[in-house]
>>> print(open('model.tsv').read())   # TSV, C-alpha atoms
chain	number	residue	atom	x	y	z
A	668	MET	CA	23.65	8.73	-30.18
A	669	PRO	CA	20.12	10.04	-30.80
A	670	ASP	CA	19.43	13.61	-31.95
A	671	LEU	CA	17.97	15.57	-29.05
A	672	LEU	CA	14.79	17.09	-30.50
A	673	PRO	CA	13.43	13.95	-32.16
A	674	TYR	CA	14.24	12.05	-28.98
A	675	LEU	CA	12.30	14.58	-26.88
A	676	GLY	CA	9.38	14.73	-29.31
A	677	GLN	CA	8.97	10.96	-29.53
A	678	ALA	CA	9.43	10.44	-25.78
A	679	ALA	CA	6.95	13.24	-24.94
A	680	TYR	CA	4.29	11.94	-27.28
A	681	LEU	CA	4.69	8.35	-26.07
A	682	GLN	CA	4.01	9.51	-22.49
A	683	LEU	CA	0.97	11.51	-23.63
A	684	GLU	CA	-0.28	8.40	-25.41
A	685	ALA	CA	0.25	6.25	-22.30
A	686	PHE	CA	-1.72	8.87	-20.34
A	687	GLN	CA	-4.58	8.69	-22.85
A	688	THR	CA	-4.63	4.90	-22.93
A	689	LEU	CA	-4.65	4.60	-19.13
A	690	SER	CA	-7.34	7.30	-18.88
A	691	ARG	CA	-9.55	5.29	-21.23
A	692	ALA	CA	-9.11	2.29	-18.94
A	693	VAL	CA	-10.11	4.45	-15.93
A	694	GLY	CA	-13.40	5.12	-17.68
A	695	GLU	CA	-13.99	1.42	-18.39
A	696	VAL	CA	-13.15	-0.16	-15.04
A	697	GLU	CA	-16.04	-0.44	-12.57
A	698	ASP	CA	-14.20	-1.06	-9.31
A	699	LEU	CA	-13.51	2.25	-7.57
A	700	ALA	CA	-10.24	1.17	-5.95
A	701	ALA	CA	-8.92	-0.06	-9.32
A	702	LYS	CA	-10.14	3.17	-10.94
A	703	GLN	CA	-7.99	5.20	-8.55
A	704	ILE	CA	-4.91	3.05	-9.07
A	705	ILE	CA	-5.16	3.29	-12.86
A	706	ALA	CA	-5.86	7.04	-12.62
A	707	ALA	CA	-2.72	7.45	-10.51
A	708	ALA	CA	-0.66	5.63	-13.17
A	709	ALA	CA	-2.21	7.94	-15.81
A	710	GLY	CA	-1.14	10.89	-13.66
A	711	HIS	CA	2.45	9.61	-13.56
A	712	ALA	CA	2.55	9.32	-17.37
A	713	LEU	CA	1.16	12.87	-17.62
A	714	SER	CA	3.85	14.16	-15.23
A	715	LYS	CA	6.55	12.54	-17.36
A	716	HIS	CA	5.03	14.04	-20.49
A	717	GLN	CA	5.02	17.47	-18.84
A	718	GLY	CA	8.60	17.03	-17.64
A	719	ILE	CA	9.79	16.27	-21.19
A	720	VAL	CA	7.73	19.19	-22.54
A	721	ALA	CA	9.51	21.42	-20.01
A	722	GLU	CA	12.86	20.30	-21.51
A	723	ILE	CA	11.58	21.20	-25.00
A	724	ARG	CA	10.45	24.66	-23.81
A	725	ARG	CA	13.78	25.17	-22.03
A	726	ARG	CA	15.32	25.02	-25.51
A	727	ASP	CA	12.77	27.57	-26.77
A	728	ASP	CA	11.20	25.00	-29.02
A	729	ASP	CA	7.46	24.48	-29.49
A	730	PRO	CA	6.41	21.14	-27.96
A	731	ALA	CA	3.56	20.61	-30.43
A	732	GLU	CA	5.94	21.13	-33.39
A	733	VAL	CA	8.55	18.83	-31.90
A	734	MET	CA	6.00	16.07	-31.23
A	735	ARG	CA	4.12	16.39	-34.52
A	736	PRO	CA	6.41	14.17	-36.69
A	737	PHE	CA	5.69	11.26	-34.34
A	738	ALA	CA	1.97	11.76	-33.77
A	739	GLN	CA	0.66	9.67	-36.64
A	740	ALA	CA	2.95	6.69	-36.07
A	741	ILE	CA	2.32	6.67	-32.31
A	742	ASP	CA	-1.45	7.06	-32.76
A	743	GLY	CA	-1.30	4.04	-35.07
A	744	PHE	CA	0.74	2.11	-32.54
A	745	SER	CA	-1.75	3.03	-29.84
A	746	ALA	CA	-4.64	1.71	-31.94
A	747	LEU	CA	-2.77	-1.60	-32.33
A	748	THR	CA	-2.23	-1.82	-28.58
A	749	THR	CA	-5.79	-1.03	-27.53
A	750	GLY	CA	-7.13	-4.16	-25.92
A	751	SER	CA	-10.57	-5.72	-26.22
A	752	ASP	CA	-11.22	-4.84	-22.56
A	753	TRP	CA	-9.58	-2.73	-19.86
A	754	ARG	CA	-7.49	-5.62	-18.54
A	755	GLU	CA	-5.80	-6.00	-21.93
A	756	THR	CA	-5.42	-2.21	-22.17
A	757	VAL	CA	-3.73	-2.01	-18.77
A	758	LEU	CA	-1.42	-4.90	-19.68
A	759	ALA	CA	-0.63	-3.11	-22.95
A	760	VAL	CA	0.58	-0.03	-21.07
A	761	LEU	CA	2.58	-2.16	-18.63
A	762	VAL	CA	4.27	-3.99	-21.50
A	763	THR	CA	4.79	-1.13	-23.95
A	764	SER	CA	5.68	1.63	-21.46
A	765	GLY	CA	7.85	-0.84	-19.58
A	766	LEU	CA	9.85	-1.64	-22.71
A	767	LEU	CA	9.93	1.88	-24.15
A	768	ASP	CA	10.78	3.67	-20.88
A	769	ASP	CA	13.71	1.27	-20.39
A	770	PHE	CA	14.74	1.86	-23.98
A	771	PHE	CA	14.58	5.67	-23.79
A	772	ILE	CA	16.49	5.61	-20.48
A	773	ARG	CA	19.27	3.72	-22.27
A	774	LEU	CA	19.24	6.15	-25.19
A	775	ALA	CA	19.37	9.11	-22.76
A	776	ALA	CA	22.97	8.19	-21.91
A	777	GLY	CA	23.93	9.23	-25.46
A	778	LEU	CA	22.25	12.65	-25.42
A	779	PRO	CA	24.45	15.76	-25.61
A	780	GLY	CA	24.89	18.07	-22.58
A	781	ASP	CA	23.30	17.57	-19.16
A	782	VAL	CA	19.81	16.72	-20.39
A	783	GLY	CA	20.50	12.95	-20.50
A	784	PRO	CA	20.77	12.32	-16.75
A	785	ARG	CA	17.72	14.54	-16.09
A	786	LEU	CA	15.64	12.57	-18.61
A	787	ALA	CA	16.89	9.22	-17.34
A	788	GLN	CA	15.81	10.21	-13.85
A	789	LEU	CA	12.43	11.52	-15.06
A	790	LEU	CA	11.68	8.41	-17.13
A	791	GLY	CA	12.83	6.12	-14.32
A	792	SER	CA	10.66	7.84	-11.68
A	793	GLU	CA	7.47	6.39	-10.17
A	794	ASN	CA	5.11	5.08	-12.84
A	795	GLY	CA	2.47	3.28	-10.79
A	796	GLN	CA	3.55	-0.11	-12.19
A	797	GLU	CA	3.19	-1.95	-8.86
A	798	GLY	CA	-0.42	-0.81	-8.53
A	799	LEU	CA	-1.25	-1.87	-12.08
A	800	LEU	CA	0.36	-5.28	-11.50
A	801	ALA	CA	-1.70	-5.73	-8.32
A	802	VAL	CA	-4.93	-4.81	-10.12
A	803	LEU	CA	-4.20	-7.31	-12.91
A	804	ARG	CA	-3.19	-10.04	-10.46
A	805	ALA	CA	-6.57	-9.69	-8.73
A	806	GLU	CA	-8.32	-10.03	-12.10
A	807	ILE	CA	-6.25	-13.08	-13.00
A	808	VAL	CA	-7.14	-14.78	-9.71
A	809	ALA	CA	-10.83	-14.09	-10.32
A	810	ASP	CA	-10.97	-15.31	-13.93
A	811	PRO	CA	-9.24	-18.61	-14.77
A	812	ARG	CA	-9.50	-17.99	-18.52
A	813	LEU	CA	-7.73	-14.65	-18.33
A	814	PRO	CA	-4.06	-15.74	-17.98
A	815	SER	CA	-3.79	-17.46	-21.36
A	816	ARG	CA	-5.56	-14.57	-23.11
A	817	LEU	CA	-3.28	-12.00	-21.45
A	818	ALA	CA	-0.14	-14.04	-22.11
A	819	MET	CA	-0.97	-14.20	-25.83
A	820	TRP	CA	-1.81	-10.49	-25.91
A	821	GLY	CA	1.47	-9.65	-24.18
A	822	ARG	CA	3.45	-11.56	-26.78
A	823	ARG	CA	1.76	-9.71	-29.63
A	824	LEU	CA	2.55	-6.35	-28.02
A	825	VAL	CA	6.29	-7.00	-27.78
A	826	GLY	CA	6.72	-7.18	-31.56
A	827	ASP	CA	4.87	-3.91	-32.22
A	828	THR	CA	6.73	-2.16	-29.43
A	829	MET	CA	10.13	-3.24	-30.72
A	830	LEU	CA	9.29	-1.66	-34.08
A	831	VAL	CA	8.61	1.66	-32.32
A	832	ALA	CA	11.90	1.38	-30.43
A	833	ARG	CA	13.76	0.58	-33.64
A	834	SER	CA	12.29	3.69	-35.32
A	835	ALA	CA	14.01	5.83	-32.68
A	836	LEU	CA	17.45	4.52	-33.69
A	837	HIS	CA	19.79	5.89	-36.31
A	838	LEU	CA	20.62	2.75	-38.19
A	839	SER	CA	23.67	2.54	-40.43
A	840	GLY	CA	21.86	0.63	-43.14
A	841	ASN	CA	24.39	-2.20	-42.83
A	842	HIS	CA	22.14	-4.98	-41.59
A	843	ALA	CA	24.86	-7.05	-39.89
A	844	THR	CA	26.38	-4.07	-38.03
A	845	ASP	CA	22.96	-2.77	-36.95
A	846	GLU	CA	21.86	-6.14	-35.58
A	847	GLU	CA	25.13	-6.44	-33.68
A	848	ARG	CA	24.56	-3.05	-31.99
A	849	ILE	CA	20.86	-3.49	-31.30
A	850	GLU	CA	20.78	-7.11	-30.21
A	851	PRO	CA	22.31	-6.75	-26.72
A	852	ILE	CA	20.02	-3.79	-25.90
A	853	PHE	CA	16.90	-5.65	-26.97
A	854	THR	CA	18.01	-8.74	-25.05
A	855	GLU	CA	18.12	-6.66	-21.86
A	856	LEU	CA	14.74	-5.05	-22.56
A	857	ILE	CA	13.17	-8.47	-23.10
A	858	ALA	CA	14.66	-9.76	-19.85
A	859	ALA	CA	12.99	-6.91	-17.92
A	860	HIS	CA	9.75	-7.58	-19.83
A	861	THR	CA	9.92	-11.26	-18.84
A	862	ARG	CA	10.27	-10.26	-15.18
A	863	ARG	CA	7.13	-8.10	-15.42
A	864	MET	CA	5.15	-10.95	-17.00
A	865	ASP	CA	6.50	-13.32	-14.30
A	866	ALA	CA	5.17	-10.90	-11.67
A	867	LEU	CA	1.73	-11.61	-13.14
A	868	GLY	CA	2.30	-15.35	-13.26
A	869	LEU	CA	2.25	-15.18	-17.08
A	870	THR	CA	4.76	-16.74	-19.46
A	871	ALA	CA	6.40	-14.11	-21.66
B	708	MET	CA	-23.28	22.18	7.70
B	709	PRO	CA	-22.49	19.09	5.59
B	710	ASP	CA	-21.40	15.76	7.10
B	711	LEU	CA	-17.71	15.27	6.47
B	712	LEU	CA	-17.52	11.81	4.89
B	713	PRO	CA	-20.34	12.24	2.35
B	714	TYR	CA	-18.86	15.63	1.49
B	715	LEU	CA	-15.43	14.08	0.87
B	716	GLY	CA	-16.84	11.12	-1.06
B	717	GLN	CA	-18.94	13.25	-3.38
B	718	ALA	CA	-16.22	15.86	-3.90
B	719	ALA	CA	-13.57	13.17	-4.58
B	720	TYR	CA	-15.73	11.35	-7.11
B	721	LEU	CA	-16.69	14.57	-8.89
B	722	GLN	CA	-13.00	15.37	-9.44
B	723	LEU	CA	-12.33	11.83	-10.68
B	724	GLU	CA	-15.25	12.25	-13.09
B	725	ALA	CA	-13.89	15.60	-14.32
B	726	PHE	CA	-10.53	13.90	-14.86
B	727	GLN	CA	-12.19	11.15	-16.91
B	728	THR	CA	-14.26	13.56	-18.98
B	729	LEU	CA	-11.26	15.80	-19.78
B	730	SER	CA	-9.14	12.73	-20.60
B	731	ARG	CA	-11.75	11.61	-23.12
B	732	ALA	CA	-11.53	15.04	-24.74
B	733	VAL	CA	-7.72	14.72	-24.91
B	734	GLY	CA	-8.19	11.58	-26.98
B	735	GLU	CA	-10.66	13.31	-29.34
B	736	VAL	CA	-8.89	16.59	-30.03
B	737	GLU	CA	-6.45	16.55	-32.98
B	738	ASP	CA	-4.41	19.69	-32.34
B	739	LEU	CA	-1.35	18.82	-30.26
B	740	ALA	CA	-1.17	22.15	-28.41
B	741	ALA	CA	-4.86	21.84	-27.43
B	742	LYS	CA	-4.27	18.20	-26.44
B	743	GLN	CA	-1.59	19.31	-23.96
B	744	ILE	CA	-3.73	22.09	-22.48
B	745	ILE	CA	-6.68	19.75	-21.93
B	746	ALA	CA	-4.37	17.04	-20.54
B	747	ALA	CA	-2.97	19.59	-18.07
B	748	ALA	CA	-6.51	20.44	-16.90
B	749	ALA	CA	-7.19	16.70	-16.52
B	750	GLY	CA	-4.04	16.48	-14.40
B	751	HIS	CA	-5.27	19.27	-12.13
B	752	ALA	CA	-8.61	17.47	-11.58
B	753	LEU	CA	-6.68	14.27	-10.78
B	754	SER	CA	-4.50	16.14	-8.26
B	755	LYS	CA	-7.62	17.49	-6.54
B	756	HIS	CA	-9.13	14.01	-6.48
B	757	GLN	CA	-5.93	12.65	-4.93
B	758	GLY	CA	-5.83	15.48	-2.39
B	759	ILE	CA	-9.38	14.71	-1.24
B	760	VAL	CA	-8.59	10.98	-1.15
B	761	ALA	CA	-5.62	11.81	1.11
B	762	GLU	CA	-8.05	13.52	3.52
B	763	ILE	CA	-10.22	10.37	3.51
B	764	ARG	CA	-7.20	8.15	4.24
B	765	ARG	CA	-6.05	10.52	6.97
B	766	ARG	CA	-9.28	9.58	8.75
B	767	ASP	CA	-8.50	5.87	8.21
B	768	ASP	CA	-11.46	5.52	5.90
B	769	ASP	CA	-11.45	3.62	2.61
B	770	PRO	CA	-11.77	6.08	-0.30
B	771	ALA	CA	-13.59	3.58	-2.52
B	772	GLU	CA	-16.19	2.92	0.21
B	773	VAL	CA	-16.66	6.61	0.88
B	774	MET	CA	-17.11	7.43	-2.83
B	775	ARG	CA	-19.31	4.45	-3.67
B	776	PRO	CA	-22.70	5.95	-2.62
B	777	PHE	CA	-22.18	8.74	-5.17
B	778	ALA	CA	-20.76	6.74	-8.06
B	779	GLN	CA	-24.01	5.87	-9.79
B	780	ALA	CA	-25.54	9.34	-9.59
B	781	ILE	CA	-22.35	11.05	-10.74
B	782	ASP	CA	-21.81	8.54	-13.57
B	783	GLY	CA	-25.36	9.33	-14.70
B	784	PHE	CA	-24.66	13.06	-14.45
B	785	SER	CA	-21.49	12.58	-16.46
B	786	ALA	CA	-23.39	10.78	-19.21
B	787	LEU	CA	-25.82	13.73	-19.37
B	788	THR	CA	-22.94	16.19	-19.67
B	789	THR	CA	-20.99	14.34	-22.36
B	790	GLY	CA	-21.08	16.56	-25.41
B	791	SER	CA	-21.55	15.60	-29.05
B	792	ASP	CA	-17.94	16.65	-29.71
B	793	TRP	CA	-14.85	17.56	-27.69
B	794	ARG	CA	-15.70	21.29	-27.69
B	795	GLU	CA	-19.00	20.59	-25.96
B	796	THR	CA	-17.27	18.20	-23.58
B	797	VAL	CA	-14.64	20.80	-22.62
B	798	LEU	CA	-17.37	23.43	-22.10
B	799	ALA	CA	-19.25	20.91	-19.95
B	800	VAL	CA	-16.28	20.55	-17.61
B	801	LEU	CA	-15.75	24.32	-17.49
B	802	VAL	CA	-19.42	24.87	-16.60
B	803	THR	CA	-20.03	21.96	-14.25
B	804	SER	CA	-16.65	21.95	-12.44
B	805	GLY	CA	-16.80	25.74	-12.26
B	806	LEU	CA	-20.18	25.63	-10.53
B	807	LEU	CA	-19.49	22.60	-8.34
B	808	ASP	CA	-16.00	23.63	-7.20
B	809	ASP	CA	-17.41	27.03	-6.15
B	810	PHE	CA	-20.25	25.25	-4.38
B	811	PHE	CA	-18.03	22.78	-2.51
B	812	ILE	CA	-15.67	25.61	-1.52
B	813	ARG	CA	-18.66	27.38	0.07
B	814	LEU	CA	-19.76	24.19	1.85
B	815	ALA	CA	-16.21	23.63	3.14
B	816	ALA	CA	-16.65	26.58	5.48
B	817	GLY	CA	-19.21	24.52	7.41
B	818	LEU	CA	-17.03	21.40	7.86
B	819	PRO	CA	-15.93	20.44	11.37
B	820	GLY	CA	-12.27	20.77	12.45
B	821	ASP	CA	-9.43	22.11	10.33
B	822	VAL	CA	-10.28	20.16	7.18
B	823	GLY	CA	-12.50	22.93	5.75
B	824	PRO	CA	-9.78	25.49	5.02
B	825	ARG	CA	-7.50	22.79	3.57
B	826	LEU	CA	-10.26	21.62	1.22
B	827	ALA	CA	-11.23	25.16	0.24
B	828	GLN	CA	-7.61	25.81	-0.71
B	829	LEU	CA	-7.32	22.52	-2.59
B	830	LEU	CA	-10.55	23.04	-4.54
B	831	GLY	CA	-9.64	26.65	-5.29
B	832	SER	CA	-6.16	25.80	-6.59
B	833	GLU	CA	-5.09	25.86	-10.25
B	834	ASN	CA	-7.57	24.04	-12.47
B	835	GLY	CA	-6.36	24.92	-15.96
B	836	GLN	CA	-9.51	26.95	-16.65
B	837	GLU	CA	-7.67	29.76	-18.48
B	838	GLY	CA	-6.13	27.28	-20.92
B	839	LEU	CA	-9.51	25.61	-21.59
B	840	LEU	CA	-11.12	29.02	-22.17
B	841	ALA	CA	-8.35	29.94	-24.64
B	842	VAL	CA	-8.77	26.64	-26.53
B	843	LEU	CA	-12.54	27.16	-26.81
B	844	ARG	CA	-12.16	30.81	-27.85
B	845	ALA	CA	-9.93	29.73	-30.73
B	846	GLU	CA	-12.58	27.20	-31.81
B	847	ILE	CA	-15.33	29.82	-31.58
B	848	VAL	CA	-13.36	32.22	-33.76
B	849	ALA	CA	-12.82	29.48	-36.35
B	850	ASP	CA	-16.44	28.28	-36.53
B	851	PRO	CA	-19.21	30.88	-36.73
B	852	ARG	CA	-21.93	28.33	-35.99
B	853	LEU	CA	-20.30	27.18	-32.77
B	854	PRO	CA	-21.26	30.03	-30.36
B	855	SER	CA	-25.02	29.48	-30.51
B	856	ARG	CA	-24.61	25.72	-30.14
B	857	LEU	CA	-22.27	26.12	-27.15
B	858	ALA	CA	-24.48	28.77	-25.53
B	859	MET	CA	-27.49	26.45	-25.69
B	860	TRP	CA	-25.42	23.52	-24.40
B	861	GLY	CA	-24.12	25.64	-21.51
B	862	ARG	CA	-27.66	26.53	-20.47
B	863	ARG	CA	-28.73	22.88	-20.41
B	864	LEU	CA	-25.75	21.98	-18.22
B	865	VAL	CA	-26.58	24.52	-15.51
B	866	GLY	CA	-29.86	22.84	-14.62
B	867	ASP	CA	-28.35	19.36	-14.30
B	868	THR	CA	-25.44	20.69	-12.28
B	869	MET	CA	-27.68	22.50	-9.82
B	870	LEU	CA	-29.47	19.22	-9.12
B	871	VAL	CA	-26.13	17.63	-8.20
B	872	ALA	CA	-25.31	20.57	-5.94
B	873	ARG	CA	-28.72	20.35	-4.29
B	874	SER	CA	-28.17	16.64	-3.57
B	875	ALA	CA	-25.16	17.58	-1.43
B	876	LEU	CA	-27.31	19.70	0.89
B	877	HIS	CA	-29.14	18.61	3.99
B	878	LEU	CA	-32.53	20.09	3.32
B	879	SER	CA	-35.02	20.63	6.14
B	880	GLY	CA	-37.94	19.43	4.05
B	881	ASN	CA	-39.62	22.80	4.59
B	882	HIS	CA	-39.70	24.10	1.05
B	883	ALA	CA	-39.89	27.81	1.91
B	884	THR	CA	-37.03	27.68	4.44
B	885	ASP	CA	-34.84	25.61	2.13
B	886	GLU	CA	-35.33	27.95	-0.82
B	887	GLU	CA	-34.50	30.90	1.39
B	888	ARG	CA	-31.20	29.31	2.44
B	889	ILE	CA	-30.21	28.02	-0.98
B	890	GLU	CA	-31.23	30.92	-3.16
B	891	PRO	CA	-28.44	33.39	-2.29
B	892	ILE	CA	-25.78	30.70	-2.73
B	893	PHE	CA	-27.09	29.68	-6.13
B	894	THR	CA	-27.36	33.33	-7.18
B	895	GLU	CA	-23.63	33.76	-6.51
B	896	LEU	CA	-22.75	30.54	-8.33
B	897	ILE	CA	-24.73	31.64	-11.37
B	898	ALA	CA	-23.00	35.04	-11.35
B	899	ALA	CA	-19.59	33.32	-11.53
B	900	HIS	CA	-20.94	31.02	-14.25
B	901	THR	CA	-22.11	34.05	-16.25
B	902	ARG	CA	-18.61	35.55	-16.03
B	903	ARG	CA	-17.09	32.33	-17.43
B	904	MET	CA	-19.56	32.30	-20.34
B	905	ASP	CA	-18.83	36.02	-20.92
B	906	ALA	CA	-15.13	35.14	-21.17
B	907	LEU	CA	-16.11	32.99	-24.16
B	908	GLY	CA	-18.31	35.70	-25.65
B	909	LEU	CA	-21.36	33.49	-24.99
B	910	THR	CA	-24.61	34.54	-23.34
B	911	ALA	CA	-25.31	32.53	-20.20
>>> encode(input="model.tsv", output="structure tokens")
Amino acid sequence: MPDLLPYLGQAAYLQLEAFQTLSRAVGEVEDLAAKQIIAAAAGHALSKHQGIVAEIRRRDDDPAEVMRPFAQAIDGFSALTTGSDWRETVLAVLVTSGLLDDFFIRLAAGLPGDVGPRLAQLLGSENGQEGLLAVLRAEIVADPRLPSRLAMWGRRLVGDTMLVARSALHLSGNHATDEERIEPIFTELIAAHTRRMDALGLTA
Amino acid sequence: MPDLLPYLGQAAYLQLEAFQTLSRAVGEVEDLAAKQIIAAAAGHALSKHQGIVAEIRRRDDDPAEVMRPFAQAIDGFSALTTGSDWRETVLAVLVTSGLLDDFFIRLAAGLPGDVGPRLAQLLGSENGQEGLLAVLRAEIVADPRLPSRLAMWGRRLVGDTMLVARSALHLSGNHATDEERIEPIFTELIAAHTRRMDALGLTA
């Protein structure tokens, strides 16, 4: 069971980071239709961020204070996941937000009070994923060298993202027990990740 | 009276550009409270963009096609208005969006059908300006050299912005007549601009 405030702070900052990363891609993509689709996905991440911030304020806590402990680690993570072009950056958000949203939805079930179901619903709401997948599929069709590059990039992202997920867990320190608890969750997350990569025709 | 589709295309792309510019500032600012305020303003610009795009779709037109004729000019304008740091960039959005939103609200009165009032309401809705002003005021208090730099920057922006506004007008080609029609509108826009600069303690 996660503690509520760190959960909210980390989840809020991750959404803000996804917003920033997608916004950067909006500035880099030339095609106006793709620009709008990526901007819409950025708007969804911003809405989720604002929804989590509203939960923090509801508890009379200061969102900036609650997010601060996670800012440096997430900024570092974001630097690692910034692609060499906007296609890699969009895939990075698909992969990392896909994994982390699923993960935080699972953790929400363990939160005290009635905040868990509200957060699970918020995090599971529209995220613009279908639009981003369509934009990337069009790029993949147009550039035969792109699939192998994106597949490799996707694989690298999974490892970094799992470290972020792990940092949100209270681990017992007993390696065998921890692995036993974490393993089935991560197996599910990876299965959903594999389905997203399949939707792009990429091997996970 | 402006033609509807060029009006919608230019207005939609200007909001998308404001979204992009504010998003860049979100990535550059360190303070988490300021980050959230600027992100919220970016979200408002995105909502306006999406509202105008909905009007374009309602007419069965393709938003990307309708925006395309304005993309290059507005991208060039945006490059001119990108500041040397995030404070200048935030002031640029306050100044340019302030002037252009007022201008497009005025033009909306001349649109055919019932779209004008809807657009005037959309463009006049919450834009996060108060939050941006508060963030800049805090910066100005903390840095005594900032006001003169921002005041100068603000003055430069007005000229470039007025050229964009002018490009949205159907001019008769008769210089004297055109000036007579435009002058009172621009006088009002500048008065509102001066009030915004006053709110920052800066001379316009």
>>> residues_around(input="model.tsv", residues="A:Gly821", least_positions_apart="4", cutoff="10 Å", atoms="all atoms listed in the file", output="list in words")
Thr748, Glu755, Leu758, Ala759, Leu761, Val762, Thr763, Ser815, Arg816, Leu817, Val825, Gly826, His860, Met864, Leu869, Thr870 and Ala871 of chain A
>>> interface_residues(input="model.tsv", of="chain B", to="chain A", cutoff="12 Å", atoms="all atoms listed in the file", output="mmCIF file with C-alpha atoms, in the frame of the given file")
data_model
loop_
_atom_site.group_PDB
_atom_site.id
_atom_site.type_symbol
_atom_site.label_atom_id
_atom_site.label_comp_id
_atom_site.auth_asym_id
_atom_site.auth_seq_id
_atom_site.Cartn_x
_atom_site.Cartn_y
_atom_site.Cartn_z
ATOM 1 C CA GLY B 716 -16.840 11.120 -1.060
ATOM 2 C CA ALA B 719 -13.570 13.170 -4.580
ATOM 3 C CA TYR B 720 -15.730 11.350 -7.110
ATOM 4 C CA GLN B 722 -13.000 15.370 -9.440
ATOM 5 C CA LEU B 723 -12.330 11.830 -10.680
ATOM 6 C CA GLU B 724 -15.250 12.250 -13.090
ATOM 7 C CA ALA B 725 -13.890 15.600 -14.320
ATOM 8 C CA PHE B 726 -10.530 13.900 -14.860
ATOM 9 C CA GLN B 727 -12.190 11.150 -16.910
ATOM 10 C CA THR B 728 -14.260 13.560 -18.980
ATOM 11 C CA LEU B 729 -11.260 15.800 -19.780
ATOM 12 C CA SER B 730 -9.140 12.730 -20.600
ATOM 13 C CA ARG B 731 -11.750 11.610 -23.120
ATOM 14 C CA ALA B 732 -11.530 15.040 -24.740
ATOM 15 C CA VAL B 733 -7.720 14.720 -24.910
ATOM 16 C CA GLY B 734 -8.190 11.580 -26.980
ATOM 17 C CA GLU B 735 -10.660 13.310 -29.340
ATOM 18 C CA VAL B 736 -8.890 16.590 -30.030
ATOM 19 C CA GLU B 737 -6.450 16.550 -32.980
ATOM 20 C CA ASP B 738 -4.410 19.690 -32.340
ATOM 21 C CA LEU B 739 -1.350 18.820 -30.260
ATOM 22 C CA ALA B 740 -1.170 22.150 -28.410
ATOM 23 C CA ALA B 741 -4.860 21.840 -27.430
ATOM 24 C CA LYS B 742 -4.270 18.200 -26.440
ATOM 25 C CA GLN B 743 -1.590 19.310 -23.960
ATOM 26 C CA ILE B 744 -3.730 22.090 -22.480
ATOM 27 C CA ILE B 745 -6.680 19.750 -21.930
ATOM 28 C CA ALA B 746 -4.370 17.040 -20.540
ATOM 29 C CA ALA B 747 -2.970 19.590 -18.070
ATOM 30 C CA ALA B 748 -6.510 20.440 -16.900
ATOM 31 C CA ALA B 749 -7.190 16.700 -16.520
ATOM 32 C CA GLY B 750 -4.040 16.480 -14.400
ATOM 33 C CA HIS B 751 -5.270 19.270 -12.130
ATOM 34 C CA ALA B 752 -8.610 17.470 -11.580
ATOM 35 C CA LEU B 753 -6.680 14.270 -10.780
ATOM 36 C CA SER B 754 -4.500 16.140 -8.260
ATOM 37 C CA LYS B 755 -7.620 17.490 -6.540
ATOM 38 C CA HIS B 756 -9.130 14.010 -6.480
ATOM 39 C CA GLN B 757 -5.930 12.650 -4.930
ATOM 40 C CA GLY B 758 -5.830 15.480 -2.390
ATOM 41 C CA VAL B 760 -8.590 10.980 -1.150
ATOM 42 C CA ALA B 761 -5.620 11.810 1.110
ATOM 43 C CA ASP B 769 -11.450 3.620 2.610
ATOM 44 C CA PRO B 770 -11.770 6.080 -0.300
ATOM 45 C CA ALA B 771 -13.590 3.580 -2.520
ATOM 46 C CA GLU B 772 -16.190 2.920 0.210
ATOM 47 C CA VAL B 773 -16.660 6.610 0.880
ATOM 48 C CA MET B 774 -17.110 7.430 -2.830
ATOM 49 C CA ARG B 775 -19.310 4.450 -3.670
ATOM 50 C CA PRO B 776 -22.700 5.950 -2.620
ATOM 51 C CA PHE B 777 -22.180 8.740 -5.170
ATOM 52 C CA ALA B 778 -20.760 6.740 -8.060
ATOM 53 C CA GLN B 779 -24.010 5.870 -9.790
ATOM 54 C CA ASP B 782 -21.810 8.540 -13.570
ATOM 55 C CA SER B 785 -21.490 12.580 -16.460
ATOM 56 C CA ALA B 786 -23.390 10.780 -19.210
#
>>> closest_residue(input="model.tsv", among="A:Asp810, A:Arg804, A:Ile723, A:Trp820", to="A:Ser751", atoms="all atoms listed in the file")
A:Trp820
>>> axis_aligned_box(input="model.tsv", around="stretch 710-716 of chain B", padding_each_side="6 Å", output="lines of an AutoDock Vina configuration file")
center_x = -18.4
center_y = 13.4
center_z = 3.0
size_x = 18.0
size_y = 16.6
size_z = 20.2
>>> closest_residue(input="model.tsv", among="A:Leu766, A:Ala859, A:Ala801, A:Leu671", to="A:Asp827", atoms="all atoms listed in the file")
A:Leu766
>>> atom_distance(input="model.tsv", atom1="atom CA of B:Glu886", atom2="atom CA of B:Leu829")
28.6 Å
>>> closest_residue(input="model.tsv", among="B:Ala906, B:Asp885, B:Leu715, B:Pro709", to="B:Glu837", atoms="all atoms listed in the file")
B:Ala906
>>> atom_distance(input="model.tsv", atom1="atom CA of B:Gly805", atom2="atom CA of B:Gly820")
25.6 Å
>>> atom_distance(input="model.tsv", atom1="atom CA of A:Gly868", atom2="atom CA of A:Met829")
22.6 Å
>>> residues_around(input="model.tsv", residues="A:Gly791", least_positions_apart="5", cutoff="8 Å", atoms="all atoms listed in the file", output="NGL selection string")
:A and (768-769 or 772)
>>> closest_residue(input="model.tsv", among="A:Leu778, A:Arg833, A:Arg754, A:Asp727", to="A:Leu813", atoms="all atoms listed in the file")
A:Arg754
